[in-house]
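Peer 1: upload.txt is the file, holding compact mmCIF, C-alpha atoms and all ligand atoms:
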```
# COMPACT_ATOMS: atom_id res chain seq x y z
CA MET A 999 78.49 28.85 10.14
CA SER A 1000 81.39 31.32 10.18
CA PHE A 1001 82.00 34.54 8.25
CA ALA A 1002 85.13 32.98 6.72
CA SER A 1003 83.05 30.14 5.27
CA LEU A 1004 80.99 32.72 3.37
CA GLY A 1005 84.13 33.75 1.49
CA LEU A 1006 85.16 36.86 3.42
CA ILE A 1007 88.87 37.65 3.59
CA ASP A 1008 90.92 37.47 6.80
CA GLN A 1009 91.21 41.21 7.24
CA ILE A 1010 87.42 41.50 7.35
CA THR A 1011 86.79 38.44 9.53
CA ARG A 1012 89.33 39.79 12.04
CA THR A 1013 87.45 43.11 12.15
CA LEU A 1014 84.19 41.23 12.69
CA ALA A 1015 85.70 39.26 15.55
CA SER A 1016 86.81 42.53 17.15
CA LEU A 1017 83.20 43.75 16.86
CA SER A 1018 82.03 40.49 18.52
CA TYR A 1019 80.17 39.36 15.40
CA HIS A 1020 80.72 35.62 15.64
CA THR A 1021 77.92 34.13 13.57
CA PRO A 1022 76.34 35.57 10.43
CA THR A 1023 72.65 36.45 10.67
CA ALA A 1024 70.19 34.91 8.19
CA VAL A 1025 70.34 37.83 5.77
CA GLN A 1026 74.13 37.91 5.96
CA SER A 1027 74.57 34.21 5.23
CA GLN A 1028 72.39 34.58 2.13
CA ALA A 1029 73.52 37.99 0.88
CA ILE A 1030 77.28 37.81 1.38
CA PRO A 1031 78.03 34.91 -1.04
CA ALA A 1032 75.59 36.31 -3.63
CA VAL A 1033 77.10 39.80 -3.56
CA LEU A 1034 80.67 38.41 -3.62
CA ALA A 1035 79.70 36.44 -6.72
CA GLY A 1036 78.66 39.68 -8.40
CA ARG A 1037 74.94 38.91 -8.44
CA ASP A 1038 72.12 41.43 -8.13
CA VAL A 1039 70.14 40.98 -4.94
CA MET A 1040 66.59 41.73 -3.87
CA ALA A 1041 66.29 41.35 -0.11
CA ALA A 1042 63.30 41.63 2.19
CA ALA A 1043 65.07 42.59 5.37
CA GLN A 1044 64.08 45.04 8.01
CA THR A 1045 66.32 46.97 10.36
CA GLY A 1046 67.71 44.79 13.10
CA THR A 1047 68.37 41.78 10.89
CA GLY A 1048 72.00 42.72 10.26
CA LYS A 1049 71.25 43.79 6.68
CA THR A 1050 73.85 46.59 6.68
CA ALA A 1051 76.70 44.12 7.12
CA GLY A 1052 74.87 41.87 4.63
CA PHE A 1053 75.57 44.33 1.82
CA ALA A 1054 78.51 46.33 3.20
CA LEU A 1055 80.93 43.47 3.94
CA PRO A 1056 80.92 41.89 0.46
CA LEU A 1057 80.79 45.34 -1.16
CA LEU A 1058 83.95 46.40 0.67
CA GLN A 1059 85.67 43.14 -0.19
CA ARG A 1060 84.86 43.46 -3.88
CA LEU A 1061 86.19 47.01 -3.96
CA VAL A 1062 89.45 45.93 -2.30
CA MET A 1063 89.92 42.85 -4.48
CA ASP A 1064 89.14 44.75 -7.66
CA GLY A 1065 91.77 47.31 -6.68
CA THR A 1066 90.86 49.98 -9.26
CA GLN A 1067 92.07 53.45 -8.29
CA VAL A 1068 89.26 55.90 -7.87
CA ALA A 1069 89.47 59.01 -10.05
CA SER A 1070 89.03 62.47 -8.58
CA ASN A 1071 85.42 63.55 -8.17
CA SER A 1072 84.27 59.98 -8.68
CA ALA A 1073 82.67 57.23 -6.64
CA ARG A 1074 83.13 53.49 -7.10
CA SER A 1075 80.01 52.49 -5.20
CA LEU A 1076 76.85 54.24 -4.07
CA ILE A 1077 74.64 53.44 -1.12
CA LEU A 1078 71.38 55.37 -1.35
CA VAL A 1079 69.38 55.78 1.85
CA PRO A 1080 66.17 57.69 2.66
CA THR A 1081 67.18 59.77 5.69
CA ARG A 1082 70.10 61.66 7.11
CA GLU A 1083 70.07 59.57 10.25
CA LEU A 1084 70.25 56.35 8.29
CA ALA A 1085 73.02 57.83 6.13
CA GLU A 1086 75.09 58.54 9.25
CA GLN A 1087 74.40 55.12 10.70
CA VAL A 1088 75.17 53.18 7.53
CA HIS A 1089 78.34 55.18 7.01
CA GLU A 1090 79.42 54.49 10.59
CA SER A 1091 78.90 50.77 9.96
CA VAL A 1092 80.77 50.89 6.64
CA ARG A 1093 83.69 52.56 8.39
CA ALA A 1094 83.69 50.03 11.19
CA TYR A 1095 83.47 47.04 8.81
CA GLY A 1096 86.14 48.51 6.53
CA ALA A 1097 88.62 49.33 9.30
CA GLY A 1098 92.15 48.88 7.98
CA LEU A 1099 91.07 48.47 4.34
CA PRO A 1100 92.60 50.90 1.84
CA LEU A 1101 89.27 52.50 0.93
CA ARG A 1102 87.94 56.04 1.15
CA THR A 1103 84.37 56.41 2.30
CA MET A 1104 82.10 59.37 2.87
CA VAL A 1105 78.56 60.34 3.71
CA ALA A 1106 76.54 63.12 2.07
CA TYR A 1107 73.11 64.44 2.97
CA GLY A 1108 71.23 67.71 2.86
CA GLY A 1109 70.57 70.17 5.66
CA VAL A 1110 74.29 70.78 6.20
CA SER A 1111 76.82 72.78 4.17
CA ILE A 1112 77.64 71.21 0.80
CA ASN A 1113 81.20 72.62 0.63
CA PRO A 1114 82.98 70.11 2.90
CA GLN A 1115 81.26 67.32 0.93
CA MET A 1116 82.52 68.81 -2.34
CA MET A 1117 86.03 69.09 -0.89
CA ARG A 1118 86.08 65.50 0.21
CA LEU A 1119 84.90 64.30 -3.19
CA ARG A 1120 87.87 65.92 -4.92
CA LYS A 1121 90.08 62.92 -4.24
CA GLY A 1122 87.27 60.53 -5.14
CA VAL A 1123 85.68 57.98 -2.80
CA ASP A 1124 85.28 54.21 -2.93
CA VAL A 1125 82.02 54.17 -0.99
CA LEU A 1126 79.59 57.07 -1.04
CA VAL A 1127 76.60 56.84 1.30
CA ALA A 1128 74.04 59.50 0.37
CA THR A 1129 70.47 60.65 0.39
CA PRO A 1130 69.16 61.04 -3.18
CA GLY A 1131 68.52 64.81 -3.14
CA ARG A 1132 71.98 65.82 -1.96
CA LEU A 1133 73.64 63.31 -4.26
CA LEU A 1134 71.95 64.96 -7.24
CA ASP A 1135 72.95 68.43 -5.97
CA LEU A 1136 76.57 67.27 -5.83
CA GLN A 1137 76.34 65.77 -9.29
CA ARG A 1138 74.81 68.95 -10.75
CA GLN A 1139 77.70 70.95 -9.33
CA ASN A 1140 80.15 68.54 -10.99
CA ALA A 1141 81.46 67.44 -7.61
CA VAL A 1142 80.80 63.78 -8.41
CA ARG A 1143 80.67 61.62 -11.53
CA PHE A 1144 79.20 58.18 -11.67
CA ASN A 1145 81.04 56.53 -14.56
CA GLN A 1146 83.16 54.44 -12.15
CA VAL A 1147 80.20 53.17 -10.12
CA GLN A 1148 80.26 49.41 -10.12
CA THR A 1149 77.75 48.72 -7.34
CA LEU A 1150 74.58 50.52 -6.34
CA VAL A 1151 72.80 49.73 -3.09
CA LEU A 1152 69.27 50.98 -2.41
CA ASP A 1153 68.76 50.64 1.32
CA GLU A 1154 65.25 50.87 2.77
CA ALA A 1155 63.89 51.34 -0.71
CA ASP A 1156 60.28 51.27 0.49
CA ARG A 1157 60.95 54.22 2.73
CA MET A 1158 62.57 56.10 -0.12
CA LEU A 1159 59.40 55.74 -2.17
CA ASP A 1160 57.24 56.69 0.84
CA LEU A 1161 59.26 59.87 1.23
CA GLY A 1162 58.73 60.78 -2.40
CA PHE A 1163 62.23 60.07 -3.72
CA SER A 1164 60.98 58.12 -6.73
CA ARG A 1165 61.90 60.83 -9.25
CA ASP A 1166 65.31 61.46 -7.64
CA ILE A 1167 66.07 57.74 -7.78
CA ASP A 1168 65.17 57.67 -11.47
CA ASN A 1169 67.43 60.67 -12.09
CA VAL A 1170 70.35 58.98 -10.33
CA LEU A 1171 69.75 55.73 -12.20
CA ALA A 1172 69.85 57.53 -15.54
CA LEU A 1173 73.38 58.72 -14.72
CA LEU A 1174 74.82 55.33 -13.72
CA PRO A 1175 76.68 52.90 -15.96
CA LYS A 1176 74.32 50.26 -17.37
CA ARG A 1177 76.74 47.49 -16.43
CA ARG A 1178 76.79 47.43 -12.66
CA GLN A 1179 75.72 45.37 -9.69
CA THR A 1180 72.52 46.47 -7.94
CA LEU A 1181 71.36 45.48 -4.46
CA LEU A 1182 67.88 46.39 -3.29
CA PHE A 1183 66.95 46.15 0.38
CA SER A 1184 63.46 46.85 1.62
CA ALA A 1185 61.56 46.07 4.82
CA THR A 1186 58.32 45.63 2.93
CA PHE A 1187 57.54 44.67 -0.65
CA SER A 1188 54.68 46.71 -2.03
CA ASP A 1189 53.78 46.75 -5.71
CA PRO A 1190 55.77 49.94 -6.44
CA ILE A 1191 58.87 48.30 -4.91
CA ARG A 1192 58.38 45.22 -7.05
CA ALA A 1193 58.04 47.45 -10.10
CA LEU A 1194 61.29 49.23 -9.16
CA ALA A 1195 63.00 45.87 -8.68
CA THR A 1196 61.90 44.67 -12.10
CA LYS A 1197 63.27 47.84 -13.66
CA LEU A 1198 66.57 47.78 -11.78
CA LEU A 1199 67.67 44.24 -11.18
CA ASP A 1200 69.09 41.69 -13.53
CA ASP A 1201 68.29 38.08 -12.60
CA PRO A 1202 68.46 38.88 -8.88
CA VAL A 1203 68.99 36.45 -6.02
CA SER A 1204 65.89 36.80 -3.80
CA ILE A 1205 66.46 36.87 -0.09
CA GLU A 1206 63.76 36.85 2.54
CA ALA A 1207 65.28 37.23 5.97
CA SER A 1208 62.05 37.85 7.76
CA PRO A 1209 58.52 36.89 6.84
CA ARG A 1210 56.83 39.45 4.65
CA ASN A 1211 55.52 42.50 6.47
CA THR A 1212 55.91 41.16 9.96
CA THR A 1213 57.27 42.81 13.03
CA VAL A 1214 60.22 41.21 14.80
CA THR A 1215 58.72 38.38 16.84
CA ALA A 1216 60.91 38.89 19.90
CA ILE A 1217 59.01 42.11 20.54
CA ARG A 1218 56.13 42.03 22.98
CA GLN A 1219 53.50 44.32 21.55
CA TRP A 1220 50.30 45.63 23.02
CA ILE A 1221 47.99 48.60 22.86
CA VAL A 1222 46.44 50.73 25.58
CA PRO A 1223 43.07 52.23 24.61
CA VAL A 1224 42.85 55.81 25.87
CA ASP A 1225 41.19 59.13 25.08
CA LYS A 1226 43.32 61.38 22.89
CA LYS A 1227 43.68 64.19 25.42
CA ARG A 1228 44.93 61.81 28.13
CA LYS A 1229 47.80 60.34 26.10
CA PRO A 1230 50.58 62.51 27.59
CA ASP A 1231 49.48 61.67 31.16
CA LEU A 1232 49.19 57.99 30.29
CA PHE A 1233 52.72 58.07 28.84
CA LEU A 1234 54.06 59.54 32.11
CA HIS A 1235 52.11 56.95 34.08
CA LEU A 1236 53.46 54.01 32.03
CA LEU A 1237 57.00 55.33 32.23
CA LYS A 1238 56.75 55.42 36.01
CA ARG A 1239 54.90 52.17 36.46
CA HIS A 1240 57.20 50.10 34.22
CA GLY A 1241 60.35 51.92 35.27
CA TRP A 1242 61.65 51.78 31.69
CA PRO A 1243 65.25 52.99 31.71
CA GLN A 1244 65.04 54.34 28.15
CA VAL A 1245 62.18 54.88 25.77
CA LEU A 1246 61.90 55.95 22.17
CA ALA A 1247 58.51 57.64 21.80
CA PHE A 1248 56.83 58.41 18.48
CA VAL A 1249 54.46 61.32 18.11
CA LYS A 1250 52.55 62.37 14.99
CA THR A 1251 53.39 66.07 14.77
CA ARG A 1252 56.39 68.25 15.50
CA LYS A 1253 54.23 70.34 17.81
CA GLY A 1254 53.21 67.18 19.67
CA VAL A 1255 56.87 66.21 20.03
CA ASP A 1256 57.74 69.58 21.57
CA GLN A 1257 54.74 69.44 23.91
CA LEU A 1258 55.69 66.00 25.21
CA VAL A 1259 59.32 67.01 25.71
CA ASP A 1260 58.18 70.10 27.65
CA LEU A 1261 55.90 67.96 29.82
CA LEU A 1262 58.71 65.48 30.54
CA ASP A 1263 61.10 68.34 31.32
CA SER A 1264 58.59 69.83 33.74
CA LYS A 1265 58.52 66.50 35.59
CA GLY A 1266 62.31 66.34 35.74
CA ILE A 1267 62.58 63.52 33.19
CA ALA A 1268 65.51 64.01 30.80
CA ALA A 1269 64.10 64.14 27.27
CA ASP A 1270 65.18 65.28 23.82
CA SER A 1271 63.63 65.25 20.38
CA ILE A 1272 64.30 64.46 16.74
CA HIS A 1273 62.09 65.88 14.03
CA GLY A 1274 62.29 67.40 10.59
CA ASP A 1275 62.39 71.03 11.80
CA LYS A 1276 65.57 70.48 13.77
CA PRO A 1277 68.87 71.20 12.07
CA GLN A 1278 70.90 68.10 11.42
CA PRO A 1279 73.61 68.77 14.06
CA ALA A 1280 70.90 69.15 16.71
CA ARG A 1281 69.28 65.85 15.65
CA LEU A 1282 72.58 64.02 15.82
CA ARG A 1283 73.32 65.59 19.21
CA ALA A 1284 69.96 64.40 20.55
CA LEU A 1285 70.65 60.90 19.24
CA ASP A 1286 74.14 60.84 20.75
CA ARG A 1287 72.82 62.01 24.11
CA PHE A 1288 70.20 59.27 24.00
CA LYS A 1289 72.74 56.63 23.03
CA ALA A 1290 75.05 57.81 25.83
CA GLY A 1291 72.19 57.42 28.32
CA GLU A 1292 72.09 61.13 29.17
CA VAL A 1293 68.51 61.28 27.96
CA ARG A 1294 65.84 58.88 29.15
CA VAL A 1295 63.16 59.64 26.57
CA LEU A 1296 63.82 60.45 22.93
CA VAL A 1297 60.67 61.77 21.27
CA ALA A 1298 60.57 61.54 17.50
CA THR A 1299 58.40 61.91 14.44
CA ASP A 1300 58.64 59.28 11.71
CA VAL A 1301 61.59 61.08 10.13
CA ALA A 1302 63.65 59.38 12.80
CA ALA A 1303 61.96 56.01 12.57
CA ARG A 1304 64.47 54.75 10.11
CA GLY A 1305 68.12 54.65 10.73
CA LEU A 1306 68.32 54.81 14.46
CA ASP A 1307 70.58 52.08 15.66
CA ILE A 1308 70.45 51.98 19.40
CA GLU A 1309 71.63 48.83 21.02
CA GLU A 1310 69.43 47.16 23.61
CA LEU A 1311 66.64 49.68 23.42
CA PRO A 1312 63.98 48.00 25.51
CA VAL A 1313 60.88 49.99 24.65
CA VAL A 1314 59.23 51.86 21.82
CA VAL A 1315 56.05 53.75 22.67
CA ASN A 1316 53.76 54.89 19.88
CA VAL A 1317 52.11 57.84 21.57
CA ASP A 1318 50.35 58.26 18.22
CA LEU A 1319 49.92 55.49 15.67
CA PRO A 1320 51.62 56.10 12.34
CA ILE A 1321 49.50 57.15 9.36
CA VAL A 1322 51.21 54.59 7.13
CA ALA A 1323 50.93 51.06 8.52
CA GLU A 1324 54.41 50.06 7.30
CA ASP A 1325 55.86 52.69 9.62
CA TYR A 1326 54.60 50.63 12.55
CA VAL A 1327 56.90 47.83 11.41
CA HIS A 1328 59.79 50.26 11.05
CA ARG A 1329 59.13 51.90 14.39
CA THR A 1330 58.90 48.66 16.32
CA GLY A 1331 62.06 47.53 14.50
CA ARG A 1332 63.92 49.97 16.78
CA THR A 1333 63.59 47.50 19.61
CA GLY A 1334 64.31 43.79 19.84
CA ARG A 1335 67.33 44.25 17.59
CA ALA A 1336 69.81 41.47 16.83
CA GLY A 1337 67.73 38.99 18.78
CA ALA A 1338 67.30 41.09 21.94
CA SER A 1339 63.76 41.14 23.27
CA GLY A 1340 61.84 44.38 23.49
CA GLU A 1341 58.45 45.94 24.01
CA ALA A 1342 56.35 48.07 21.72
CA VAL A 1343 53.39 49.84 23.30
CA SER A 1344 50.85 51.88 21.38
CA LEU A 1345 48.50 54.38 22.97
CA VAL A 1346 45.40 54.21 20.80
CA CYS A 1347 42.42 56.56 20.79
CA ALA A 1348 39.06 56.04 19.07
CA ASP A 1349 40.10 58.24 16.11
CA GLU A 1350 42.94 55.88 15.32
CA VAL A 1351 40.97 52.68 14.85
CA GLN A 1352 41.41 52.75 11.06
CA GLN A 1353 45.18 52.96 11.49
CA LEU A 1354 45.08 50.18 14.06
CA ALA A 1355 43.08 47.96 11.70
CA ALA A 1356 45.56 48.64 8.87
CA ILE A 1357 48.52 47.74 11.11
CA GLU A 1358 46.87 44.54 12.23
CA ALA A 1359 46.02 43.59 8.65
CA LEU A 1360 49.60 44.26 7.53
CA THR A 1361 51.27 42.40 10.38
CA GLN A 1362 48.60 39.69 10.45
CA GLN A 1363 47.99 39.85 14.15
CA THR A 1364 45.50 41.30 16.58
CA LEU A 1365 47.36 43.44 19.05
CA GLN A 1366 46.56 42.62 22.63
CA ARG A 1367 44.58 45.32 24.45
CA LYS A 1368 45.43 46.23 28.01
CA GLU A 1369 43.38 48.96 29.60
CA GLU A 1370 45.24 50.96 32.20
CA ALA A 1371 43.32 51.55 35.44
CA GLY A 1372 42.36 55.20 35.71
CA PHE A 1373 42.82 55.77 31.96
CA GLU A 1374 39.83 53.84 30.59
CA PRO A 1375 38.60 55.82 27.57
CA GLU A 1376 35.26 57.59 27.47
CA HIS A 1377 35.30 57.17 23.67
CA ARG A 1378 35.77 53.46 23.22
CA VAL A 1379 38.14 52.16 20.56
CA PRO A 1380 36.05 49.83 18.36
CA GLN A 1381 37.12 46.19 18.30
CA THR A 1382 39.09 44.88 15.35
CA ASP A 1383 39.02 41.32 14.11
CA PRO A 1384 42.02 39.14 13.21
CA GLY A 1385 41.80 40.22 9.57
CA GLY A 1386 42.28 43.82 10.61
CA GLN A 1387 38.62 44.76 10.03
CA ILE A 1388 36.76 47.04 12.37
CA VAL A 1389 33.99 45.09 14.06
CA LYS A 1390 30.78 47.09 13.74
CA LYS A 1391 28.67 47.19 16.86
CA PRO A 1392 25.32 45.54 16.09
CA LYS A 1393 22.72 48.30 15.67
CA LYS A 1394 19.98 48.45 18.26
CA PRO A 1395 16.77 47.15 16.66
CA LYS A 1396 14.41 49.99 15.77
CA LYS A 1397 11.40 50.23 18.02
CA PRO A 1398 8.20 49.70 16.10
CA LYS A 1399 5.97 52.77 15.81
CA GLY A 1400 3.10 53.00 18.25
CA PHE A 1401 4.92 51.08 20.95
CA THR A 1402 7.30 53.85 22.05
CA LYS A 1403 7.36 55.06 25.61
CA ASP A 1404 5.61 58.25 24.65
CA ALA A 1405 2.95 56.52 22.57
CA PRO A 1406 0.18 57.41 25.01
CA VAL A 1407 1.09 61.09 24.69
CA VAL A 1408 0.72 60.81 20.91
CA GLN A 1409 -2.69 59.25 21.38
CA GLU A 1410 -3.70 62.01 23.75
CA ASP A 1411 -2.57 64.58 21.20
CA VAL A 1412 -4.65 62.90 18.57
CA ARG A 1413 -7.67 62.96 20.81
CA PHE A 1414 -7.04 66.58 21.62
CA ARG A 1415 -7.03 67.52 17.91
CA ARG A 1416 -10.32 65.87 17.39
P1 LIG A 1501 71.21 46.30 10.99
O1 LIG A 1501 70.00 45.46 10.72
O2 LIG A 1501 72.20 46.22 9.91
O3 LIG A 1501 70.84 47.71 11.34
O4 LIG A 1501 71.97 45.67 12.28
C1 LIG A 1501 71.34 45.57 13.52
C2 LIG A 1501 72.30 45.43 14.68
O5 LIG A 1501 72.86 44.11 14.71
C3 LIG A 1501 73.48 46.38 14.66
O6 LIG A 1501 73.63 46.87 15.98
C4 LIG A 1501 74.65 45.51 14.28
O7 LIG A 1501 75.85 46.01 14.86
C5 LIG A 1501 74.28 44.16 14.84
N1 LIG A 1501 74.78 43.00 14.07
C6 LIG A 1501 74.72 42.85 12.73
N2 LIG A 1501 75.21 41.65 12.37
C7 LIG A 1501 75.59 41.02 13.50
C8 LIG A 1501 76.17 39.73 13.78
N3 LIG A 1501 76.44 38.86 12.81
N4 LIG A 1501 76.43 39.44 15.05
C9 LIG A 1501 76.15 40.32 16.04
N5 LIG A 1501 75.60 41.55 15.87
C10 LIG A 1501 75.31 41.88 14.60
```
Please express the file's structure as structure tokens.
Ligand code: AMP
Peer 2:
Amino acid sequence: MSFASLGLIDQITRTLASLSYHTPTAVQSQAIPAVLAGRDVMAAAQTGTGKTAGFALPLLQRLVMDGTQVASNSARSLILVPTRELAEQVHESVRAYGAGLPLRTMVAYGGVSINPQMMRLRKGVDVLVATPGRLLDLQRQNAVRFNQVQTLVLDEADRMLDLGFSRDIDNVLALLPKRRQTLLFSATFSDPIRALATKLLDDPVSIEASPRNTTVTAIRQWIVPVDKKRKPDLFLHLLKRHGWPQVLAFVKTRKGVDQLVDLLDSKGIAADSIHGDKPQPARLRALDRFKAGEVRVLVATDVAARGLDIEELPVVVNVDLPIVAEDYVHRTGRTGRAGASGEAVSLVCADEVQQLAAIEALTQQTLQRKEEAGFEPEHRVPQTDPGGQIVKKPKKPKKPKGFTKDAPVVQEDVRFRR
């Protein structure tokens, strides 16, 4: 199947050829005709499936074909995303896919000065990629109006709800024209997402590009049981033993991220970090350095789990398991992208068995355990069964009274009291 056969115009198919996109992915072949036809879409598609082009290509084409001039301080389409990193990445893709098209695009997110964003909005934009909070700030300052919005995309909607954007999304929705096209993309479909879909979408085309709540199958996944305090050393050991050229490592806390980066630095391993405390320019710099290969290990909290698009990343290491099981799917989605194979390794301590069980239940698999010689845990990680339940160790039968080892002593005592 070709992109042209999906109804895309020459200008766009030529751009795709220059990007070496020859065949549409599953989500693209389903989403592109539906979006071009003006339908609402509800798509279960995780990162790595080519979902961005799935909504961006037909969106760009519709905006060009429609040809309406955008008014000042207006937007003709909105793409809402949960994180700054994803905003940058989606905008980069939109720009690449729309090369040569007469459309103005921009990205807006918090943590950076609002003034340049307000300036750019003066002339109006055809595509506005934004995080919900900053979008509302811009709207409140009259920098942007939504009456020209004809298409709304909610990308990684599940993540938006996880990050507490539910109210912001409602506030944005209240400001949009009732007649519009809405596209909802989500890696996972929980009940709150289904409720949002029911509220938002009108007779949507349902697309399921990957089985529900599964990790990308091309990824080899396993866990290494280890004691909590030995995780940093085990990470260094695995890095050396496997000779991984580049690793994205996830750590639970910002402090933990800094500690691991310091340890790697002290061993002469180039490392950088991405977490919520870092100003946006520093996060983007870290990501660019990683992408350019200047940094071997990028250590991140879950803030960064979404939206990183790094080609041919071979390995993701979960130094800590995520608190929310869905984040495991998002994290491992960083590797094995666009059909490339990858590895996802999780260092699991006894405290994390509940999280492990939840991940296994969600992804419907039992992760293979591989103990690492020299790192066998003192506190064993309880076994889990294929349903993601923790297997309780059978209790030792209670010894009947009177037959204990010290029974004779008791009898002596008794005699003594007499
Ligand atoms: P996404 O799921 O949108 O983040 O895309 C994942 C990766 O696949 C990105 O690096 C895209 O550039 C790439 N990609 C998307 N669609 C195609 C395609 N049809 N052919 C080749 N690469 C693609």
Peer 1: Compute the set of protein, DNA and RNA residues whose minimum atom distance to ligand LIG 1501 (chain A) is at most 6 Å, using all atoms listed in the file, and state it as a list in words.
Peer 2: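 Taking all atoms listed in the file into account, the residues around ligand LIG 1501 (chain A) at most 6 Å away are Tyr1019, His1020, Thr1021, Pro1022, Thr1023, Thr1045, Gly1046, Thr1047, Gly1048, Lys1049, Thr1050, Ala1051, Glu1309, Arg1335 and Ala1336 of chain A.
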Peer 1: Give me, please, the distance in Å between atom CA of Gly1274 of chain A and atom CA of Ala1172 of chain A, quoted to one decimal.
Peer 2: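 Computing the Euclidean distance for atom CA of Gly1274 of chain A and atom CA of Ala1172 of chain A yields 28.9 Å.
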Peer 1: Please determine, counting all atoms listed in the file, which residue among A:Leu1057, A:Leu1034, A:Leu1174, A:Ala1043 has the shortest atom-to-atom distance to Asn1145 of chain A.
Peer 2: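 Checking each of A:Leu1057, A:Leu1034, A:Leu1174, A:Ala1043 against Asn1145 of chain A, counting all atoms listed in the file, the winner is A:Leu1174.
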Peer 1: Using only C-alpha atoms, determine which residues lie at most 9 Å from Leu1119 of chain A, disregarding the query and same-chain residues fewer than 4 positions distant; provide the list as a PyMOL selection string.
Peer 2: chain A and resi 1070-1073+1104+1114-1115+1123+1141-1142
Peer 1: Write out as a VMD selection string each polymer residue whose atoms come within 12 Å of Leu1058 of chain A, counting only C-alpha atoms; drop sequence neighbours fewer than 6 positions from it.
Peer 2: chain A and resid 1006 to 1007 1009 to 1010 1030 1033 to 1034 1050 to 1052 1064 to 1065 1074 to 1077 1091 to 1103 1124 to 1126 1148 to 1149
Peer 1: Grab the atom CA of Lys1265 of chain A to atom CA of Val1313 of chain A distance for me, in Å with one decimal place.
Peer 2: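 Going from atom CA of Lys1265 of chain A over to atom CA of Val1313 of chain A covers 19.9 Å.
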Peer 1: Could you tell me which of A:Ala1348, A:Leu1161, A:Ile1112, A:Ala1356 comes closest to Lys1227 of chain A if we count only C-alpha atoms?
Peer 2: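 Among A:Ala1348, A:Leu1161, A:Ile1112, A:Ala1356, it is A:Ala1348 that comes nearest to Lys1227 of chain A.
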Peer 1: Which residues come within 7 Å of Ala1106 of chain A, counting all atoms listed in the file, excluding same-chain residues fewer than 6 positions away, as a compact mmCIF listing (two decimals) with C-alpha atoms, in the coordinates of the input?
Peer 2:
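Output file result-v2.txt is given in full below:
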```txt
# COMPACT_ATOMS: atom_id res chain seq x y z
CA GLN A 1115 81.26 67.32 0.93
CA VAL A 1127 76.60 56.84 1.30
CA ALA A 1128 74.04 59.50 0.37
CA THR A 1129 70.47 60.65 0.39
CA ARG A 1132 71.98 65.82 -1.96
CA LEU A 1133 73.64 63.31 -4.26
```
Peer 1: Give as a PyMOL selection string each residue that has an atom at most 12 Å from (55.3, 68.2, 28.1) in the file, counting only C-alpha atoms.
Peer 2: chain A and resi 1229-1231+1233-1234+1253-1271+1295+1297
Peer 1: Give the answer as one residue: which of A:Val1379, A:Ala1041, A:Ala1290, A:Leu1345 has the shortest atom-to-atom distance to Leu1199 of chain A, using all atoms listed in the file?
Peer 2: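 Smallest distance to Leu1199 of chain A is found for A:Ala1041.
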Peer 1: May I ask for the distance between atom CA of Gly1005 of chain A and atom CA of Ala1029 of chain A, given in Å to one decimal place?
Peer 2: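 Distance reported for this atom pair: 11.4 Å.
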Peer 1: Kindly indicate which residue among A:Gly1131, A:Gly1108, A:Gly1372, A:Pro1312 lies nearest to Glu1086 of chain A, using all atoms listed in the file for the distances.
Peer 2: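 For Glu1086 of chain A, the nearest of the candidates is A:Gly1108.
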Peer 1: Restricting the calculation to all atoms listed in the file, which member of A:Pro1279, A:Ile1205, A:Asn1140, A:Thr1330 is positioned closest to Ser1111 of chain A?
Peer 2: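 Closest candidate: A:Pro1279.
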Peer 1: Which residues are close to Ala1032 of chain A, i.e. within 12 Å by all atoms listed in the file, leaving aside same-chain residues fewer than 3 positions away? Reply as an MDAnalysis selection string.
Peer 2: chainID A and resid 1004:1006 1025:1029 1035:1041 1052:1053 1055:1057 1060 1179:1181 1201:1205
Peer 1: Considering all atoms listed in the file, return as JSON, numbers by chain whatever protein or nucleic-acid residues lie within 9 Å of Thr1251 of chain A, sequence-local ones (same chain, fewer than 5 positions apart) excluded.
Peer 2: {"A": [1256, 1273, 1298, 1299]}
Peer 1: Here is a test: counting all atoms listed in the file, which residue of A:Pro1031, A:Gly1122, A:Gly1241, A:Pro1080 is nearest to Gly1162 of chain A?
Peer 2: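 Ranking A:Pro1031, A:Gly1122, A:Gly1241, A:Pro1080 by distance to Gly1162 of chain A, first place goes to A:Pro1080.
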